[in-house]
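Shown here: entry09.cif, mmCIF, C-alpha atoms.
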data_work
loop_
_atom_site.label_atom_id
_atom_site.label_comp_id
_atom_site.auth_asym_id
_atom_site.auth_seq_id
_atom_site.Cartn_x
_atom_site.Cartn_y
_atom_site.Cartn_z
CA PRO P 23 50.96 -17.65 8.84
CA PRO P 24 49.10 -15.18 6.56
CA LYS P 25 45.83 -13.84 7.90
CA ASP P 26 42.58 -15.17 6.48
CA ARG P 27 41.20 -12.23 4.44
CA ARG P 28 37.91 -13.85 3.55
CA PRO P 29 34.81 -11.90 4.71
CA GLN P 30 33.74 -12.98 8.17
CA THR P 31 30.11 -14.02 8.67
CA HIS P 32 28.55 -12.70 11.84
CA ARG P 33 26.58 -15.50 13.49
CA GLY P 34 25.76 -13.80 16.77
CA PRO P 35 22.23 -13.28 18.07
CA PRO P 36 20.01 -10.82 16.14
CA GLU P 37 20.27 -8.18 18.87
CA ALA P 38 24.06 -8.13 18.46
CA ARG P 39 23.59 -6.74 14.95
CA GLY P 40 21.82 -3.66 16.22
CA PRO P 41 18.67 -2.67 18.07
CA PHE P 42 16.28 -3.75 15.32
CA ARG P 43 14.48 -7.01 14.70
CA PRO P 44 15.74 -9.03 11.73
CA PRO P 45 13.53 -8.99 8.59
CA SER P 46 10.62 -11.40 8.90
CA PRO P 47 7.16 -11.94 7.36
CA GLU P 48 5.79 -11.34 10.85
CA VAL P 49 7.46 -7.96 11.33
CA VAL P 50 6.44 -4.90 9.32
CA ALA P 51 8.72 -1.85 9.26
CA LEU P 52 6.82 1.44 9.08
CA TYR P 53 8.78 4.66 8.79
CA GLY P 54 8.04 8.33 8.26
CA ALA P 55 5.93 10.63 10.41
CA HIS P 56 2.50 10.04 8.82
CA ALA P 57 2.78 6.25 8.55
CA VAL P 58 4.02 5.87 12.12
CA ARG P 59 1.55 8.32 13.65
CA GLU P 60 -1.47 6.67 12.00
CA ALA P 61 -0.36 3.20 13.07
CA LEU P 62 0.02 4.41 16.66
CA ALA P 63 -3.30 6.23 16.66
CA CYS P 64 -5.52 3.69 14.89
CA GLY P 65 -4.72 0.59 16.92
CA LYS P 66 -5.52 -1.82 14.09
CA ARG P 67 -2.30 -3.81 14.38
CA LYS P 68 -0.09 -5.14 17.18
CA LEU P 69 2.70 -2.66 17.84
CA LEU P 70 6.12 -3.97 18.81
CA THR P 71 8.85 -1.34 19.11
CA LEU P 72 9.13 2.33 18.22
CA TYR P 73 12.52 3.86 17.44
CA ALA P 74 13.02 7.61 17.32
CA THR P 75 15.90 10.02 16.97
CA GLU P 76 16.34 12.70 19.60
CA ALA P 77 15.00 15.33 17.19
CA ALA P 78 11.87 13.29 16.33
CA LEU P 79 11.08 12.13 19.87
CA PRO P 80 9.10 15.21 21.06
CA ARG P 81 6.74 14.92 18.07
CA ILE P 82 5.80 11.33 18.81
CA LYS P 83 6.26 10.78 22.55
CA ASP P 84 2.70 11.50 23.75
CA LEU P 85 1.09 9.45 20.98
CA ALA P 86 3.50 6.58 21.64
CA GLN P 87 2.73 6.55 25.36
CA ALA P 88 -1.01 6.59 24.63
CA ALA P 89 -0.42 3.50 22.48
CA GLY P 90 1.56 1.83 25.28
CA LEU P 91 5.03 2.17 23.76
CA GLU P 92 8.15 3.72 25.20
CA PRO P 93 10.22 5.01 22.26
CA ARG P 94 13.82 3.83 22.01
CA LEU P 95 16.35 6.50 21.14
CA VAL P 96 18.49 5.74 18.10
CA ASP P 97 20.82 7.68 15.85
CA ALA P 98 19.72 8.67 12.34
CA ARG P 99 22.65 6.66 10.99
CA ASP P 100 21.22 3.53 12.63
CA LEU P 101 17.92 4.10 10.83
CA ALA P 102 19.72 4.66 7.53
CA ARG P 103 21.62 1.40 7.96
CA ARG P 104 18.38 -0.45 8.70
CA LEU P 105 16.21 1.17 6.02
CA GLY P 106 18.70 2.26 3.38
CA GLU P 107 20.23 5.63 2.67
CA GLU P 108 17.36 6.64 0.35
CA ALA P 109 14.59 6.10 2.91
CA VAL P 110 13.01 9.35 4.12
CA HIS P 111 12.41 8.09 7.64
CA GLN P 112 12.06 11.49 9.39
CA GLY P 113 13.70 9.98 12.46
CA LEU P 114 10.99 7.38 13.09
CA LEU P 115 10.71 3.61 12.66
CA LEU P 116 7.92 1.44 14.03
CA GLU P 117 8.12 -2.34 14.08
CA ALA P 118 4.68 -3.92 14.11
CA ARG P 119 2.74 -6.99 13.06
CA PRO P 120 1.01 -7.08 9.66
CA LEU P 121 -2.58 -5.91 9.52
CA PRO P 122 -5.26 -8.60 9.89
CA GLU P 123 -6.23 -10.16 6.58
CA ALA P 124 -9.54 -9.07 5.05
CA ASP P 125 -11.97 -10.85 2.75
CA ILE P 126 -14.48 -9.55 0.21
CA SER P 127 -17.20 -10.23 2.78
CA ASP P 128 -15.46 -7.73 5.11
CA ILE P 129 -16.07 -4.79 2.75
CA VAL P 130 -18.33 -2.23 4.40
CA SER P 131 -20.39 -0.42 1.78
CA GLU P 132 -20.26 3.33 2.39
CA SER P 133 -18.97 5.12 -0.72
CA ARG P 134 -19.89 1.97 -2.71
CA VAL P 135 -16.71 2.32 -4.75
CA VAL P 136 -13.99 -0.36 -4.77
CA LEU P 137 -10.62 -0.32 -6.51
CA ALA P 138 -9.08 -3.42 -8.11
CA LEU P 139 -5.35 -3.39 -8.86
CA ASP P 140 -4.31 -5.84 -11.55
CA GLN P 141 -0.73 -6.86 -10.69
CA ILE P 142 0.56 -3.35 -9.98
CA THR P 143 3.89 -4.12 -8.36
CA ASP P 144 5.61 -0.76 -7.83
CA PRO P 145 5.39 0.08 -4.10
CA GLN P 146 5.40 3.85 -4.71
CA ASN P 147 2.45 3.55 -7.08
CA VAL P 148 0.48 1.23 -4.82
CA GLY P 149 1.20 3.44 -1.81
CA ALA P 150 0.06 6.54 -3.70
CA ILE P 151 -3.09 4.73 -4.85
CA LEU P 152 -3.90 3.74 -1.26
CA ARG P 153 -3.44 7.35 -0.14
CA THR P 154 -5.80 8.52 -2.89
CA ALA P 155 -8.30 5.76 -2.08
CA CYS P 156 -8.31 6.88 1.54
CA ALA P 157 -8.80 10.53 0.55
CA PHE P 158 -11.82 9.63 -1.62
CA GLY P 159 -13.31 7.27 0.98
CA VAL P 160 -13.06 4.17 -1.21
CA ASP P 161 -14.57 1.13 0.51
CA ALA P 162 -11.76 -1.29 -0.30
CA VAL P 163 -8.78 -2.01 -2.53
CA LEU P 164 -8.50 -5.45 -4.11
CA LEU P 165 -5.18 -6.81 -5.30
CA THR P 166 -3.60 -10.13 -6.08
CA GLU P 167 -1.74 -12.16 -3.46
CA ARG P 168 1.05 -12.68 -5.98
CA HIS P 169 2.61 -9.85 -7.99
CA SER P 170 1.88 -7.26 -5.32
CA PRO P 171 4.39 -5.38 -3.15
CA GLU P 172 4.77 -5.79 0.61
CA PHE P 173 2.67 -3.50 2.78
CA SER P 174 5.59 -1.93 4.58
CA GLY P 175 8.65 0.21 3.92
CA ALA P 176 8.44 2.43 0.86
CA LEU P 177 4.81 1.50 0.17
CA ALA P 178 3.72 2.45 3.68
CA LYS P 179 5.67 5.71 3.46
CA ALA P 180 4.01 6.59 0.13
CA ALA P 181 0.59 5.65 1.55
CA SER P 182 1.15 8.27 4.28
CA GLY P 183 -0.94 6.46 6.89
CA ALA P 184 -3.64 5.18 4.52
CA LEU P 185 -2.71 1.55 5.26
CA GLU P 186 -4.39 1.91 8.64
CA HIS P 187 -7.69 3.16 7.14
CA VAL P 188 -8.29 1.38 3.81
CA THR P 189 -9.63 -2.17 3.71
CA ILE P 190 -7.16 -4.17 1.63
CA VAL P 191 -8.33 -7.49 0.23
CA ALA P 192 -5.70 -9.81 -1.26
CA VAL P 193 -7.25 -12.38 -3.60
CA VAL P 194 -5.81 -15.43 -5.34
CA ASN P 195 -7.69 -14.79 -8.59
CA LEU P 196 -8.67 -11.21 -9.43
CA ALA P 197 -10.94 -12.15 -12.34
CA ARG P 198 -12.91 -14.48 -10.06
CA ALA P 199 -13.15 -11.76 -7.40
CA LEU P 200 -14.50 -9.30 -9.99
CA GLU P 201 -17.05 -11.89 -11.10
CA ASP P 202 -18.10 -12.31 -7.46
CA LEU P 203 -18.58 -8.56 -7.04
CA SER P 204 -20.45 -8.39 -10.34
CA LYS P 205 -22.92 -10.98 -9.04
CA ARG P 206 -23.38 -8.75 -5.98
CA GLY P 207 -24.52 -5.92 -8.21
CA TYR P 208 -21.25 -4.03 -8.79
CA LEU P 209 -20.65 -2.37 -12.14
CA VAL P 210 -17.07 -3.29 -13.11
CA VAL P 211 -15.29 -0.54 -15.04
CA GLY P 212 -11.78 -1.03 -16.40
CA LEU P 213 -9.57 2.01 -16.97
CA ASP P 214 -7.44 2.03 -20.10
CA SER P 215 -5.91 4.94 -22.02
CA GLU P 216 -7.26 3.37 -25.22
CA GLY P 217 -10.73 2.57 -23.92
CA ASP P 218 -13.58 2.97 -26.39
CA GLN P 219 -15.60 5.31 -24.17
CA SER P 220 -14.87 8.33 -22.00
CA LEU P 221 -15.22 7.86 -18.24
CA ALA P 222 -16.79 11.33 -18.12
CA GLU P 223 -19.59 10.33 -20.51
CA ILE P 224 -20.47 6.67 -20.09
CA ALA P 225 -23.46 5.54 -18.04
CA LEU P 226 -22.28 4.80 -14.49
CA SER P 227 -23.97 3.48 -11.38
CA LYS P 228 -23.07 2.39 -7.85
CA PRO P 229 -21.85 0.10 -6.46
CA LEU P 230 -18.85 0.27 -8.77
CA VAL P 231 -15.46 -1.38 -9.12
CA LEU P 232 -12.72 0.58 -10.89
CA ALA P 233 -10.04 -1.79 -12.23
CA LEU P 234 -6.54 -0.46 -12.88
CA GLY P 235 -3.78 -2.27 -14.76
CA ALA P 236 -0.02 -2.15 -14.33
CA GLU P 237 1.93 0.41 -16.30
CA GLY P 238 3.08 -0.99 -19.61
CA LYS P 239 0.97 -4.15 -19.39
CA GLY P 240 -2.40 -2.62 -18.63
CA LEU P 241 -5.34 -4.84 -17.74
CA ARG P 242 -4.78 -8.54 -18.31
CA ARG P 243 -7.10 -10.36 -20.70
CA LEU P 244 -9.16 -12.18 -18.05
CA THR P 245 -9.50 -9.01 -15.98
CA ARG P 246 -10.65 -7.07 -19.05
CA GLU P 247 -13.19 -9.79 -19.88
CA ARG P 248 -14.73 -9.42 -16.41
CA CYS P 249 -15.25 -5.67 -16.95
CA ASP P 250 -18.71 -4.45 -17.95
CA LEU P 251 -17.10 -1.37 -19.51
CA VAL P 252 -13.57 -0.29 -20.41
CA ALA P 253 -13.21 3.48 -20.32
CA ARG P 254 -10.52 6.08 -20.88
CA LEU P 255 -9.72 9.41 -19.32
CA ASP P 256 -10.06 12.21 -21.85
CA LEU P 257 -7.07 14.52 -21.39
CA PRO P 258 -6.71 17.88 -23.15
CA GLY P 259 -2.93 17.83 -23.51
CA PRO P 260 -0.72 16.09 -26.08
CA ILE P 261 0.13 13.23 -23.67
CA LYS P 262 -2.90 10.97 -23.35
CA SER P 263 -1.75 8.60 -20.60
CA LEU P 264 -0.82 9.08 -16.95
CA ASN P 265 1.17 7.27 -14.31
CA VAL P 266 -1.23 4.70 -12.84
CA SER P 267 -1.46 6.42 -9.45
CA ASN P 268 -2.22 9.77 -11.11
CA ALA P 269 -4.75 8.11 -13.40
CA CYS P 270 -6.40 6.62 -10.33
CA ALA P 271 -6.71 10.04 -8.70
CA ALA P 272 -8.12 11.61 -11.86
CA ALA P 273 -10.60 8.76 -12.35
CA LEU P 274 -11.83 8.89 -8.75
CA SER P 275 -12.29 12.63 -9.13
CA VAL P 276 -14.48 12.04 -12.20
CA LEU P 277 -16.48 9.36 -10.37
CA SER P 278 -16.90 11.59 -7.32
CA MET P 279 -18.28 14.45 -9.42
CA ARG P 280 -20.58 12.21 -11.44
CA LEU P 281 -21.86 9.86 -8.74
CA GLY P 282 -21.41 11.86 -5.54
#
Using structure tokens, write down the structure from this file.
Amino acid sequence: PPKDRRPQTHRGPPEARGPFRPPSPEVVALYGAHAVREALACGKRKLLTLYATEAALPRIKDLAQAAGLEPRLVDARDLARRLGEEAVHQGLLLEARPLPEADISDIVSESRVVLALDQITDPQNVGAILRTACAFGVDAVLLTERHSPEFSGALAKAASGALEHVTIVAVVNLARALEDLSKRGYLVVGLDSEGDQSLAEIALSKPLVLALGAEGKGLRRLTRERCDLVARLDLPGPIKSLNVSNACAAALSVLSMRLG
């Protein structure tokens, strides 16, 4: 009889498909040297398994052992199959649990600056924003539970370890969260390329929330209505708008110079 040429479905146990855990909401995949090293060093999440290529092992072995993990040797091709050919994994993959959830009440006021991301969904942009927020010592980043990317994979790689340092607060309703912070004395400033006032010139005070909208859509109506001010970045060149992560960095630089 002719052979059945239909694709065969593999129904074996997960470990038969390779050394990695199957995708799950309870398993976060962190890859790349900075993301993995910071997760190992900070101890903010439960660590499960660390995979490393032979070339990457010497760079991570001591830190892994200090964190109580024995790295498992894998081939770079195994990592590419697990993460995708485009992932710049640098020979490292860490499986871990998600970070503990945070609430607005968990925000520790140090810089007294908070970022609010209004449905920014691109993981590269959100990761870059988190890295910038960490560099400027931002107290927290607020975002919506829905219409936000997962805190793993490409986002974690772009964040370059910032996930382990920045307080991330996922809220159901961003407008309500901004209203809550406003009642606590925060000045809520929306950033928009067509804002009526320049961020470099308007009256500012701390504590402050800087609200950023998604590229193309910008700030949603309810978010904009919760802003005390909507400001723009004045740029000297012919292009007057920036990628949202670059705009975030420029805006935080302005705030840092003006407010210290």
With 9 Å as the cut-off and all atoms listed in the file counted, what is the closest atom pair between each nearby residue of stretch 83-189 of chain P and stretch 203-208 of chain P? Distances in Å to one decimal, ordered by chain and number, as JSON lines.
{"residue": "P:Ile126", "atom": "CA", "partner": "P:Leu203", "partner_atom": "CA", "distance": 8.4}
{"residue": "P:Arg134", "atom": "CA", "partner": "P:Tyr208", "partner_atom": "CA", "distance": 8.6}
{"residue": "P:Val135", "atom": "CA", "partner": "P:Tyr208", "partner_atom": "CA", "distance": 8.8}
Writing out the chosen residues with C-alpha atoms as an mmCIF file, in the coordinates of the input:
data_model
loop_
_atom_site.group_PDB
_atom_site.id
_atom_site.type_symbol
_atom_site.label_atom_id
_atom_site.label_comp_id
_atom_site.auth_asym_id
_atom_site.auth_seq_id
_atom_site.Cartn_x
_atom_site.Cartn_y
_atom_site.Cartn_z
ATOM 1 C CA ILE P 126 -14.480 -9.550 0.210
ATOM 2 C CA ARG P 134 -19.890 1.970 -2.710
ATOM 3 C CA VAL P 135 -16.710 2.320 -4.750
#
inquiry  = Just want the 12 Å neighbourhood of P:Arg243, counted on only C-alpha atoms, with same-chain residues fewer than 4 positions away dropped. Output as number ranges by chain.
reply    = P: 140, 196-197, 212, 235, 239, 247-249, 252
task = Would you mind listing what lies within 6 Å of stretch 258-275 of chain P as a PyMOL selection string, with all atoms listed in the file counted and same-chain residues fewer than 2 positions away left out?
result = chain P and resi 147+150-151+215+277-278
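Between atom CA of P:Gln141 and atom CA of P:Leu165 there is a distance of 7.0 Å.
Computed from the coordinates, the atom CA of P:Pro45 to atom CA of P:Asn195 distance equals 27.9 Å.
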Target residues per the PyMOL selection byres ((chain P and resi 56-65) around 10), formatted as number ranges by chain = P: 51-55, 66-69, 72, 81-82, 85-91, 111-112, 114-118, 174-175, 177-187
task = Please indicate the distance in Å from atom CA of P:Ala78 to atom CA of P:Ala98, rounded to one decimal place.
result =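 These two atoms are separated by 9.9 Å.
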query = Looking at all atoms listed in the file, which of P:Gly240, P:Gly217, P:Pro41, P:Thr245 is the one that sits closest to P:Arg103?
reply =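 Closest residue, counting all atoms listed in the file: P:Pro41.
Proximity to P:Gly159 was assessed for P:Leu241, P:Ala192, P:Leu137, P:Leu121 counting only C-alpha atoms; the smallest distance is recorded for P:Leu137.
Minimum atom-to-atom distances from P:Leu255, P:Leu164, P:Leu244, P:Ala233 to P:Gln219 were compared using only C-alpha atoms, and the lowest value belongs to P:Leu255.
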query = Using all atoms listed in the file, which residue out of P:Ala176, P:Val50, P:Leu79, P:Ala222 lies closest to P:Met279?
reply = P:Ala222
task = Point out the residue among P:Asp161, P:Leu152, P:Asp202, P:Gly106 with the least atom-to-atom distance to P:Ser133, counting all atoms listed in the file.
result =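 Between P:Asp161, P:Leu152, P:Asp202, P:Gly106, the residue approaching P:Ser133 most closely is P:Asp161.
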